[in-house]
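Down below is the structure, laid out as structure tokens.
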Amino acid sequence: MKGWFFGLLYLGCFTSIFAQNNNHCGVTYFDSIPLYIESNLYADKLYLGKEFITISEKVKVSLVQRKRLISGNTFLRIVKKCIDKSMLDQIEYRIVFGDHKTSIWHSISQNPLLAELSLQPVQKIVLQFRRKGSQNLIQQTIIMRSGWSPLINGYQQLNLKDTSDSKLKSDAAYRTKEALLGFKPLLDNNIVLQPGNHVELQFDNRNICIDSCIEYRLWNEKEFINSPWRYTGHLLSLRNISANNNYSLQVRYGGEQNTKTYLIHALAFWWQKTWAIVLFVFAGIFLLISSPVYFVKRQNRKIKVGEELLKEQLKKGQYKLNPHFVFNAMSSIGGLVIAEQNERANEYLNTFSDIMRRTLYNSDRLFIYLSDEIEQLQEYIALEQLGLEFKFELNIDPEIDLDSVDFPPMLLQPTIENAVKHGVADLGQKGIICLTLLKKEDDLVITICDNGKLILDKPYKPGNGHGIAITKERIDILGKLFPKDKIRYDFEQKEAGTIVSFTFENWLT
Amino acid sequence: MTAIIIDDVQKARAHLINLLAKYCKQVEILGEASNAESGAVLILKLKPDLIFLDIQMPMQSGFEMLASLGIYEFDVVFVTGYDKYGIQAVKASALDYLLKPVKPTELIEAVLKAQNNLKNKQTGRQIANLLELVRNPHKTDPRIALHSIKGVQFINPYEISRCEANDNHTNVFMNDGKKIISTNVLRFHEDLLADFGFIRPHHSFIVNIKQIKSFAKGNVVHELRMNDDFLVPVSTRKVKEVREALI
């Protein structure tokens with residue numbers, strides 16, 4: 001009865017101080033002599049009846065003292081009859097290392113600490129108790145250090161879409177010795193993973209006192225080995241597995257030397273295989289070479305088509321000789337022949353043929369020389385002067401090199417024709433047309449003015465005249481083709497006459 | 001100075017005879033022919049110093065007539081109405097031509113030139129060159145004739161690197177570094193060289209496309225780097241044209 005009381009008293013104490021402290025893991029072991037065994041990691045069940053298995057090196061064994069609080073996290077009760085405190089004086093104990101039974105018996109003193117041991121892996125000690133003088137053992141406790149390293153029992157491959165709760169699985173892995181649902185047994189050290197999958201590993205449950213007692217490190221075989229150790233529970237979930245890599249997984253119990261290494265082969269996706277990579281490289285090279293060529297070609301074709309269209313428009317819109325002018329000129333020449341001014345007639349005929357030839361020659365050109373354009377205008381004016389006796393003034397800035405400046409053919413022709421038709425036609429010898437070419441910095445400024453009277457009841461609006469419309473349209477197309485070289489076209493109608501000015505920006509660079 | 005006129009249009013011959021009588025009194029007209037065959041007979045019989053030759057005639061053209069002769073101990077001035085291609089070849093052989101209707105001023109000039117040519121006997125070679133150009137326009141090593149200050153020089157146009165304006169003259173730079181000073185203005189060479197792969201990127205330059213090393217934007221304007229590392233500026237309106245020519 002006394003033993004009972006003793007035991008229950010201790011039981012009361014322990015339940016109230018049940019502590020979760022990793023540094024003071026211990027088991028309170030009730031037999032005839034109640035013992036408290038402390039170790040960092042241990043299997044919390046006694047194996048083979050009376051064997052206490054520790055994983056850590058240090059083990060401390062002490063008597064459980066009455067009225068003292070001892071923190072432990074496991075409570076084991078093997079027999080019901082405990083020894084009365086008063087009998088402790090009559091009890092002696094000894095520690096037997098291995099098979100040596102020659103160790104000295106010690107009497108139990110007031111000091112509750114019985115032994116503080118450093119065990120080698122797989123070393124076994126036996127703690128024996130007897131009454132003084134008696135040969136019969138009251139109690140024998142075997143303490144053994146394991147040579148264990150963590151053992152992987154099973155694994156499960158998961159793809160990235162997997163959403164199963166690993167918390168629950170993790171709890172289960174700590175509690176059960178059986179394979180978790182969906183886990184395959186692992187027969188050797190090699191785990192082969194399908195590309196893109198990750199893996200969960202289940203460790204063998206050895207009733208270790210705490211769950212997170214296993215340390216692991218994982219490294220890619222292409223990288224350094226020095227990855228840090230990390231703690232894990234009995235379920236290890238490895239998520240950072242990349243396809244087409246080999247990994248090594250090393251595991252050990254916390255703070256222990258014994259390690260075990262597993263190999264994880266993450267298979268390659270099809271596109272990571274050599275033939276696929278070769279194919280990709282070639283395809284890449286092909287695309288790299290062909291696509292810019294293709295795009296540039298397409299772009300060029302696009303631009304070219306657009307430009308060709310504009311150029312065609314420009315040529316088409318090029319001013320054609322006015323039939324009025326042609327027949328007037330011919331009749332003027334005819335008049336000279338009738339008047340027997342044959343030499344003059346011949347001269348004008350030559351001029352006329354020049355104009356015809358230039359018109360033909362320039363019909364498929366975007367630019368001619370400015371000198372040609374001016375000559376053509378002079379020839380035209382000369383022929384017009386045959387019929388209408390107006391004056392013509394030509395002023396050319398000596399800084400302009402006419403032979404080296406490009407000019408859109410017949411751009412000025414309609415304006416000059418307007419000056420003749422609407423300006424000086426009615427004025428006879430008083431009529432004056434001025435053509436002025438000026439260089440203003442890099443701009444070419446061409447002014448055409450006449451002293452024609454403003455007819456007030458028939459205002460001459462820009463845009464009405466055929467010639468003006470043609471000129472504007474051509475300037476517009478030129479602006480699209482050569483956006484950097486702007487052409488400004490200004491029209492000014494005054495009492496004293498009309499001034500039309502063209503400004504060709506940056507034309508003389 | 002003796003001359004004959006070969007032209008199928010009677011009125012055109014009469015016009016030319018009148019003009020010569022009036023403005024070039026030193027020219028003695030030995031005869032006139034209305035077609036190539038009788039013209040050839042006249043040339044062989046009369047051995048004139050100068051022929052006024054129409055290019056386009058029925059039956060045989062002026063060029064074909066010249067080819068049939070084989071020997072050229074005379075000077076020739078072509079007279080034509082509108083013949084872009086024929087004139088091109090005439091220009092490329094540094095021969096003279098007049099456009100119809102013939103203008104007195106141009107006629108006088110042509111006759112003076114012919115008189116000067118009597119002293120140097122290059123004409124035969126020039127005519128041979130002309131016929132070669134007409135017969136075989138896509139020849140790989142054609143020759144063109146340039147009026148240089150040293151007289152007419154025959155060069156392969158593909159061996160020209162660039163032409164550069166030099167007042168009224170033109171500096172023609174060859175691939176081998178030689179320089180020929182042509183007595184014509186730059187624009188004369190533009191038409192002349194257009195068929196041989198030349199472009200005019202700037203108002204002062206004509207360049208051989210094959211002699212261009214690179215094309216890039218320089219500090220101010222676009223520039224062409226030639227094979228001899230000479231930099232040719234490109235005017236803004238010509239950038240597109242140059243780019244298209246280089247692609």
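Letters A, B, ... mark the chains of the structure tokens in the order given; residue numbers begin at 1 per chain; ligand numbers begin at 1, in order shown.
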
Residue list for chain A near chain B as a PyMOL selection string, 10 Å, only C-alpha atoms: chain A and resi 297+300+304+346-347+349-354+357+360-361+369+401+403-406+481-485+506-509

Contact residues around Leu314 of chain A with only C-alpha atoms at 10 Å, ignoring same-chain residues under 5 positions, as an MDAnalysis selection string: chainID A and resid 308:309 319 364:366 408 473:478 481

Residue contacts of Glu389 of chain A (9 Å, only C-alpha atoms) excluding same-chain residues fewer than 2 positions away, as a list in words: Glu384, Gln385, Leu386, Gly387, Lys391, Ala425, Leu427, Gly428, Gln429, Lys430 and Gly431 of chain A

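Atom CA of Arg239 of chain A to atom CA of Arg252 of chain A spans 19.7 Å [interatomic distance, one decimal].
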
Shell of 6 Å around segment 42-57 of chain B, only C-alpha atoms, local chain residues under 2 positions omitted, as a list in words: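 Surrounding residues, per the criterion: Thr2, Ala3, Ile4, Ile5, Ile6, Asp7, Asp8, Gly39, Ala40, Ser61, Gly62, Phe74, Asp75, Val76, Val77, Phe78, Val79 and Thr80 of chain B.
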